[in-house]
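Structure data follow from run.pdb (PDB, C-alpha atoms):
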```pdb
ATOM      1  CA  GLN P 887     101.252  67.524  80.611
ATOM      2  CA  LEU P 888      97.987  68.068  82.450
ATOM      3  CA  GLN P 889      96.103  71.195  81.387
ATOM      4  CA  LEU P 890      93.021  72.790  82.901
ATOM      5  CA  GLN P 891      90.680  75.257  81.227
ATOM      6  CA  GLU P 892      87.912  77.134  82.963
ATOM      7  CA  SER P 893      84.693  78.169  81.259
ATOM      8  CA  GLY P 894      82.264  80.405  83.050
ATOM      9  CA  PRO P 895      79.384  82.811  82.525
ATOM     10  CA  GLY P 896      81.334  86.046  82.917
ATOM     11  CA  LEU P 897      78.350  87.817  84.489
ATOM     12  CA  VAL P 898      75.791  86.448  86.963
ATOM     13  CA  LYS P 899      72.876  88.271  88.557
ATOM     14  CA  PRO P 900      72.550  88.449  92.352
ATOM     15  CA  SER P 901      70.588  85.561  93.904
ATOM     16  CA  GLU P 902      71.183  83.362  90.835
ATOM     17  CA  THR P 903      73.412  80.278  90.544
ATOM     18  CA  LEU P 904      76.945  80.474  89.215
ATOM     19  CA  SER P 905      77.921  77.480  87.043
ATOM     20  CA  LEU P 906      81.517  76.944  86.028
ATOM     21  CA  THR P 907      83.167  74.052  84.186
ATOM     22  CA  CYS P 908      86.791  72.913  84.254
ATOM     23  CA  SER P 909      87.939  70.978  81.199
ATOM     24  CA  VAL P 910      90.819  68.576  81.696
ATOM     25  CA  SER P 911      93.267  67.622  78.957
ATOM     26  CA  GLY P 912      96.412  65.534  79.113
ATOM     27  CA  GLY P 913      94.919  63.229  81.724
ATOM     28  CA  SER P 914      91.778  61.406  82.765
ATOM     29  CA  ILE P 915      89.517  62.857  85.410
ATOM     30  CA  SER P 916      88.708  59.323  86.561
ATOM     31  CA  ASN P 917      92.392  58.577  87.280
ATOM     32  CA  SER P 918      92.770  57.831  90.994
ATOM     33  CA  ASP P 919      96.223  59.409  90.937
ATOM     34  CA  TYR P 920      94.713  62.914  90.680
ATOM     35  CA  TYR P 921      92.418  65.127  92.642
ATOM     36  CA  TRP P 922      90.681  68.284  91.470
ATOM     37  CA  GLY P 923      89.754  71.584  93.039
ATOM     38  CA  LEU P 924      88.534  75.149  92.754
ATOM     39  CA  ILE P 925      90.037  78.286  94.234
ATOM     40  CA  ARG P 926      88.851  81.869  93.851
ATOM     41  CA  GLN P 927      90.402  85.294  94.224
ATOM     42  CA  PRO P 928      88.373  88.509  94.484
ATOM     43  CA  PRO P 929      89.914  91.417  92.551
ATOM     44  CA  GLY P 930      92.939  92.729  94.415
ATOM     45  CA  LYS P 931      92.526  90.244  97.265
ATOM     46  CA  GLY P 932      93.856  86.897  98.428
ATOM     47  CA  LEU P 933      93.112  83.284  97.573
ATOM     48  CA  GLU P 934      90.199  81.261  98.922
ATOM     49  CA  TRP P 935      89.910  77.480  98.619
ATOM     50  CA  ILE P 936      86.350  76.595  97.527
ATOM     51  CA  GLY P 937      86.510  72.821  97.498
ATOM     52  CA  SER P 938      88.059  69.656  96.148
ATOM     53  CA  ILE P 939      86.805  66.434  94.582
ATOM     54  CA  LEU P 940      88.317  63.007  94.173
ATOM     55  CA  TYR P 941      87.990  60.641  91.211
ATOM     56  CA  SER P 942      85.363  58.766  93.249
ATOM     57  CA  GLY P 943      83.154  61.836  93.378
ATOM     58  CA  ARG P 944      83.746  62.462  97.068
ATOM     59  CA  ALA P 945      83.833  66.220  97.584
ATOM     60  CA  TYR P 946      85.230  68.451 100.318
ATOM     61  CA  TYR P 947      84.132  72.032 100.832
ATOM     62  CA  ASN P 948      85.231  75.222 102.529
ATOM     63  CA  PRO P 949      82.917  75.388 105.571
ATOM     64  CA  SER P 950      82.034  78.998 104.716
ATOM     65  CA  LEU P 951      80.712  77.930 101.292
ATOM     66  CA  GLN P 952      79.472  74.418 101.988
ATOM     67  CA  SER P 953      75.794  75.360 102.090
ATOM     68  CA  ARG P 954      75.941  76.962  98.627
ATOM     69  CA  ALA P 955      78.624  75.044  96.707
ATOM     70  CA  THR P 956      78.407  71.775  94.801
ATOM     71  CA  ILE P 957      81.347  70.255  92.928
ATOM     72  CA  SER P 958      80.785  67.327  90.588
ATOM     73  CA  VAL P 959      82.652  65.241  88.045
ATOM     74  CA  ASP P 960      81.484  64.218  84.554
ATOM     75  CA  THR P 961      83.763  61.426  83.429
ATOM     76  CA  SER P 962      82.110  61.190  79.997
ATOM     77  CA  LYS P 963      83.219  64.748  79.212
ATOM     78  CA  ASN P 964      86.427  64.712  81.296
ATOM     79  CA  VAL P 965      85.309  67.783  83.204
ATOM     80  CA  PHE P 966      84.504  68.830  86.734
ATOM     81  CA  SER P 967      82.104  71.583  87.635
ATOM     82  CA  LEU P 968      81.120  74.068  90.323
ATOM     83  CA  ARG P 969      77.644  75.294  91.101
ATOM     84  CA  LEU P 970      77.412  78.144  93.598
ATOM     85  CA  SER P 971      73.909  79.184  94.537
ATOM     86  CA  SER P 972      72.442  82.465  95.814
ATOM     87  CA  VAL P 973      75.389  84.552  94.684
ATOM     88  CA  THR P 974      76.039  88.093  95.875
ATOM     89  CA  ALA P 975      78.578  90.743  94.927
ATOM     90  CA  ALA P 976      80.963  89.112  97.418
ATOM     91  CA  ASP P 977      81.223  86.143  95.031
ATOM     92  CA  THR P 978      82.781  88.328  92.320
ATOM     93  CA  ALA P 979      86.208  86.813  91.738
ATOM     94  CA  MET P 980      88.669  85.111  89.446
ATOM     95  CA  TYR P 981      87.842  81.421  89.672
ATOM     96  CA  TYR P 982      90.656  78.906  89.174
ATOM     97  CA  CYS P 983      90.473  75.195  88.443
ATOM     98  CA  ALA P 984      93.365  73.232  89.879
ATOM     99  CA  SER P 985      94.720  69.725  90.361
ATOM    100  CA  ARG P 986      97.500  67.671  91.853
ATOM    101  CA  ARG P 987      98.819  64.192  91.159
ATOM    102  CA  GLU P 988      98.851  62.290  94.467
ATOM    103  CA  HIS P 989      97.646  58.707  94.663
ATOM    104  CA  LEU P 990      94.835  58.216  97.190
ATOM    105  CA  ALA P 991      95.429  61.649  98.657
ATOM    106  CA  LYS P 992      94.283  62.146 102.254
ATOM    107  CA  ARG P 993      94.648  65.918 102.152
ATOM    108  CA  PRO P 994      93.405  66.969  98.677
ATOM    109  CA  TYR P 995      93.602  70.682  99.341
ATOM    110  CA  TYR P 996      96.775  71.976  97.666
ATOM    111  CA  PHE P 997      97.568  72.118  93.980
ATOM    112  CA  ASP P 998     100.380  72.251  91.460
ATOM    113  CA  TYR P 999      98.406  72.366  88.207
ATOM    114  CA  TRP P1000      96.314  75.477  87.647
ATOM    115  CA  GLY P1001      94.117  76.835  84.892
ATOM    116  CA  GLN P1002      94.469  80.434  83.758
ATOM    117  CA  GLY P1003      91.315  81.431  85.624
ATOM    118  CA  THR P1004      87.994  82.920  84.598
ATOM    119  CA  LEU P1005      86.567  86.154  85.976
ATOM    120  CA  VAL P1006      83.004  85.972  87.223
ATOM    121  CA  THR P1007      81.216  89.195  88.111
ATOM    122  CA  VAL P1008      78.007  89.269  90.125
ATOM    123  CA  SER P1009      75.955  92.282  89.183
ATOM    124  CA  SER P1010      72.441  93.179  88.124
TER
ATOM    125  CA  ASP H 924      88.422  77.022 111.506
ATOM    126  CA  ILE H 925      92.167  77.540 111.239
ATOM    127  CA  GLN H 926      93.381  81.084 110.606
ATOM    128  CA  MET H 927      96.637  81.668 108.747
ATOM    129  CA  THR H 928      98.504  84.934 109.332
ATOM    130  CA  GLN H 929     101.434  86.025 107.213
ATOM    131  CA  SER H 930     103.961  88.715 108.028
ATOM    132  CA  PRO H 931     104.884  91.136 106.765
ATOM    133  CA  SER H 932     102.096  92.088 104.364
ATOM    134  CA  THR H 933     104.589  93.920 102.171
ATOM    135  CA  LEU H 934     108.330  93.455 102.085
ATOM    136  CA  TYR H 935     110.746  95.789 100.333
ATOM    137  CA  ALA H 936     113.999  94.175  99.233
ATOM    138  CA  SER H 937     116.807  94.428  96.714
ATOM    139  CA  VAL H 938     118.224  91.876  94.304
ATOM    140  CA  GLY H 939     120.634  89.654  96.207
ATOM    141  CA  ASP H 940     118.919  90.131  99.579
ATOM    142  CA  ARG H 941     118.004  87.230 101.834
ATOM    143  CA  VAL H 942     114.246  87.362 102.339
ATOM    144  CA  THR H 943     112.148  85.636 104.997
ATOM    145  CA  ILE H 944     108.354  85.471 105.153
ATOM    146  CA  THR H 945     106.558  84.120 108.221
ATOM    147  CA  CYS H 946     103.267  82.238 108.357
ATOM    148  CA  ARG H 947     101.513  81.424 111.609
ATOM    149  CA  ALA H 948      98.603  79.032 112.111
ATOM    150  CA  SER H 949      95.995  79.519 114.828
ATOM    151  CA  LEU H 950      96.186  75.785 115.624
ATOM    152  CA  SER H 951      98.874  73.190 115.089
ATOM    153  CA  ILE H 952      98.900  71.848 111.532
ATOM    154  CA  SER H 953     101.956  69.610 111.940
ATOM    155  CA  SER H 954     103.845  70.098 108.653
ATOM    156  CA  TRP H 955     100.819  70.354 106.380
ATOM    157  CA  LEU H 956     101.775  73.672 104.828
ATOM    158  CA  ALA H 957     102.335  74.810 101.252
ATOM    159  CA  TRP H 958     103.841  77.976  99.791
ATOM    160  CA  TYR H 959     102.831  79.555  96.482
ATOM    161  CA  GLN H 960     104.156  82.383  94.349
ATOM    162  CA  GLN H 961     101.762  84.515  92.315
ATOM    163  CA  LYS H 962     102.596  87.146  89.740
ATOM    164  CA  PRO H 963     100.077  89.740  88.492
ATOM    165  CA  GLY H 964      97.518  88.277  86.091
ATOM    166  CA  LYS H 965      98.810  84.736  86.576
ATOM    167  CA  ALA H 966      97.705  81.668  88.470
ATOM    168  CA  PRO H 967      99.617  80.771  91.626
ATOM    169  CA  ARG H 968     102.629  78.470  91.364
ATOM    170  CA  LEU H 969     103.264  75.829  94.035
ATOM    171  CA  LEU H 970     106.776  76.225  95.431
ATOM    172  CA  ILE H 971     106.880  74.083  98.569
ATOM    173  CA  SER H 972     104.721  71.380 100.126
ATOM    174  CA  LYS H 973     104.789  69.712 103.529
ATOM    175  CA  ALA H 974     106.526  72.780 104.937
ATOM    176  CA  SER H 975     109.934  72.087 103.416
ATOM    177  CA  ASN H 976     109.611  69.903 100.300
ATOM    178  CA  LEU H 977     110.710  71.849  97.232
ATOM    179  CA  GLU H 978     108.524  71.138  94.207
ATOM    180  CA  SER H 979     110.093  69.996  90.966
ATOM    181  CA  GLY H 980     111.613  72.824  88.952
ATOM    182  CA  VAL H 981     111.641  75.338  91.803
ATOM    183  CA  PRO H 982     115.033  77.081  92.209
ATOM    184  CA  LEU H 983     117.145  75.982  95.167
ATOM    185  CA  ARG H 984     117.248  79.536  96.527
ATOM    186  CA  PHE H 985     113.723  78.877  97.869
ATOM    187  CA  SER H 986     113.412  76.953 101.116
ATOM    188  CA  GLY H 987     110.755  76.337 103.727
ATOM    189  CA  SER H 988     110.899  75.388 107.375
ATOM    190  CA  GLY H 989     108.764  75.044 110.478
ATOM    191  CA  SER H 990     106.141  72.824 112.020
ATOM    192  CA  GLY H 991     103.200  73.127 114.366
ATOM    193  CA  THR H 992     102.087  76.739 114.172
ATOM    194  CA  GLU H 993     105.074  78.704 112.839
ATOM    195  CA  PHE H 994     106.573  78.460 109.373
ATOM    196  CA  THR H 995     108.980  80.415 107.201
ATOM    197  CA  LEU H 996     109.689  80.777 103.510
ATOM    198  CA  THR H 997     113.213  81.939 102.751
ATOM    199  CA  ILE H 998     114.671  83.179  99.484
ATOM    200  CA  SER H 999     118.427  83.009  99.943
ATOM    201  CA  SER H1000     119.345  85.545  97.261
ATOM    202  CA  LEU H1001     116.464  87.475  95.755
ATOM    203  CA  GLN H1002     116.377  87.495  91.964
ATOM    204  CA  PRO H1003     114.461  89.866  89.652
ATOM    205  CA  ASP H1004     111.997  87.078  88.814
ATOM    206  CA  ASP H1005     111.106  86.683  92.504
ATOM    207  CA  PHE H1006     109.240  89.962  92.904
ATOM    208  CA  ALA H1007     105.727  88.635  93.407
ATOM    209  CA  THR H1008     103.127  87.880  96.057
ATOM    210  CA  TYR H1009     103.617  84.798  98.228
ATOM    211  CA  TYR H1010     100.878  82.831  99.962
ATOM    212  CA  CYS H1011     101.009  80.115 102.559
ATOM    213  CA  GLN H1012      98.247  77.504 102.732
ATOM    214  CA  GLN H1013      97.509  74.983 105.437
ATOM    215  CA  TYR H1014      96.056  71.633 104.328
ATOM    216  CA  ASN H1015      95.365  69.811 107.530
ATOM    217  CA  SER H1016      92.760  67.194 106.662
ATOM    218  CA  TYR H1017      89.967  68.259 108.998
ATOM    219  CA  PHE H1018      89.950  71.935 108.100
ATOM    220  CA  GLY H1019      90.470  71.813 104.352
ATOM    221  CA  GLY H1020      92.773  74.381 102.766
ATOM    222  CA  THR H1021      93.085  77.877 104.234
ATOM    223  CA  PHE H1022      95.354  80.508 102.707
ATOM    224  CA  GLY H1023      97.228  83.293 104.403
ATOM    225  CA  GLN H1024      96.497  86.830 103.272
ATOM    226  CA  GLY H1025      99.656  87.072 101.176
ATOM    227  CA  THR H1026     103.015  88.858 101.325
ATOM    228  CA  LYS H1027     103.975  91.136  98.467
ATOM    229  CA  VAL H1028     107.707  91.350  97.768
ATOM    230  CA  GLU H1029     108.525  94.671  96.151
ATOM    231  CA  ILE H1030     111.670  96.359  94.921
ATOM    232  CA  LYS H1031     113.328  98.599  97.473
TER
END
```

If you took the structure in this file and wrote it as structure tokens, what would it be?
Amino acid sequence: QLQLQESGPGLVKPSETLSLTCSVSGGSISNSDYYWGLIRQPPGKGLEWIGSILYSGRAYYNPSLQSRATISVDTSKNVFSLRLSSVTAADTAMYYCASRREHLAKRPYYFDYWGQGTLVTVSS
Amino acid sequence: DIQMTQSPSTLYASVGDRVTITCRASLSISSWLAWYQQKPGKAPRLLISKASNLESGVPLRFSGSGSGTEFTLTISSLQPDDFATYYCQQYNSYFGGTFGQGTKVEIK
């Protein structure tokens, strides 16, 4: 059974870069049958898709975050990661790692495996 | 960008009720729509993909329908475990994945 575990900084200062890692167990991140993604949820608010990445490293981003977000894969560690630059208080949220098993997916934007989430607060 | 609008925002219902939630897209997304259930403090759970395909393990009382710009999630007989917030998400390839604002199902 695929499992995802987020690890994040907890607290980030405004204007700095948020770095978050998603550890994958029960499957290989380089398996072409899976794709990987990140979703966030501000406290008390709805869900926002941040981006997705394929086993090949090709990444897709929410247009509203594309200029600040970078998602990458590290096959040696079986993890994928998010870097979000120039953060503000509006980036305070629960950040979820997610995945779905779909061979050669053409629409890698919805997910059936989710981590438990990690809360990231942006504050000085 | 595609905007997703759910209605109602809050729905009050009783156990055994038939419940319907509507999701509208600002542009046609064919059938590229998913529905999730989220309970407080938990990650979302995927219920339905491609507008009407029930995911493995999801109770048969859940069903989805629609195409183009209008979609519905129906719970045929509401159970105590179903009180939660429900989100739709479009996943048309060009626009990525946009969520609706959510519909909270509460006890009447």

**Item:** Nearest residue to Asp998 of chain P from the set P:Gly932, P:Pro949, P:Gly923, P:Gly913 (distances using all atoms listed in the file)
**Value:** P:Gly923

**Request:** Evaluate the PyMOL selection byres ((chain H and resi 955) around 9) here and jot the selected residues down as a list of chain:residue names.
**Result:** P:Arg993, H:Ile952, H:Ser953, H:Ser954, H:Leu956, H:Ala957, H:Ser972, H:Lys973, H:Ala974, H:Ser990, H:Gly991, H:Gln1012, H:Gln1013, H:Tyr1014, H:Asn1015, H:Ser1016

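Selection check: the ChimeraX specification (/P :<7) & /H on the shown file gives Lys965, Ala966, Arg968, Leu969, Tyr1014, Asn1015, Ser1016, Gly1019, Gly1020, Thr1021, Phe1022, Gln1024 and Gly1025 of chain H.
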
Please produce a file of the residues just selected, as a CSV table (one decimal), keeping the file's coordinate frame, where the atoms kept are C-alpha atoms.
```csv
chain,number,residue,atom,x,y,z
H,965,LYS,CA,98.8,84.7,86.6
H,966,ALA,CA,97.7,81.7,88.5
H,968,ARG,CA,102.6,78.5,91.4
H,969,LEU,CA,103.3,75.8,94.0
H,1014,TYR,CA,96.1,71.6,104.3
H,1015,ASN,CA,95.4,69.8,107.5
H,1016,SER,CA,92.8,67.2,106.7
H,1019,GLY,CA,90.5,71.8,104.4
H,1020,GLY,CA,92.8,74.4,102.8
H,1021,THR,CA,93.1,77.9,104.2
H,1022,PHE,CA,95.4,80.5,102.7
H,1024,GLN,CA,96.5,86.8,103.3
H,1025,GLY,CA,99.7,87.1,101.2
```

**Non-local contacts of His989 of chain P (7 Å; all atoms listed in the file; under 5 positions in same chain excluded) as a VMD selection string** = chain P and resid 918 to 920

**Item:** Neighbours of point (111.2, 79.6, 97.9) within 6 Å, using only C-alpha atoms, written as a VMD selection string
**Value:** chain H and resid 985 to 986 996 to 998

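Excluding Gln961 of chain H itself and any same-chain residue fewer than 3 positions from it, the protein and nucleic acid residues within 6 Å of it, counting only C-alpha atoms, are Pro967, Ala1007 and Thr1008 of chain H.
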
Could you work out an axis-aligned bounding box for all listed atoms of segment 941-946 of chain P, with 5 Å added on each of the six sides, and give its centre and edge lengths in Å to one decimal, as lines of an AutoDock Vina configuration file?
```
center_x = 85.6
center_y = 63.6
center_z = 95.8
size_x = 14.8
size_y = 19.7
size_z = 19.1
```

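Distance annotation: of P:Leu897, P:Arg987, P:Leu906, P:Ser962, the residue with the minimal separation from Ala975 of chain P is P:Leu897; atom set is all atoms listed in the file.
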
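From atom CA of Ser1000 of chain H back to atom CA of Arg984 of chain H, the distance works out to 6.4 Å.
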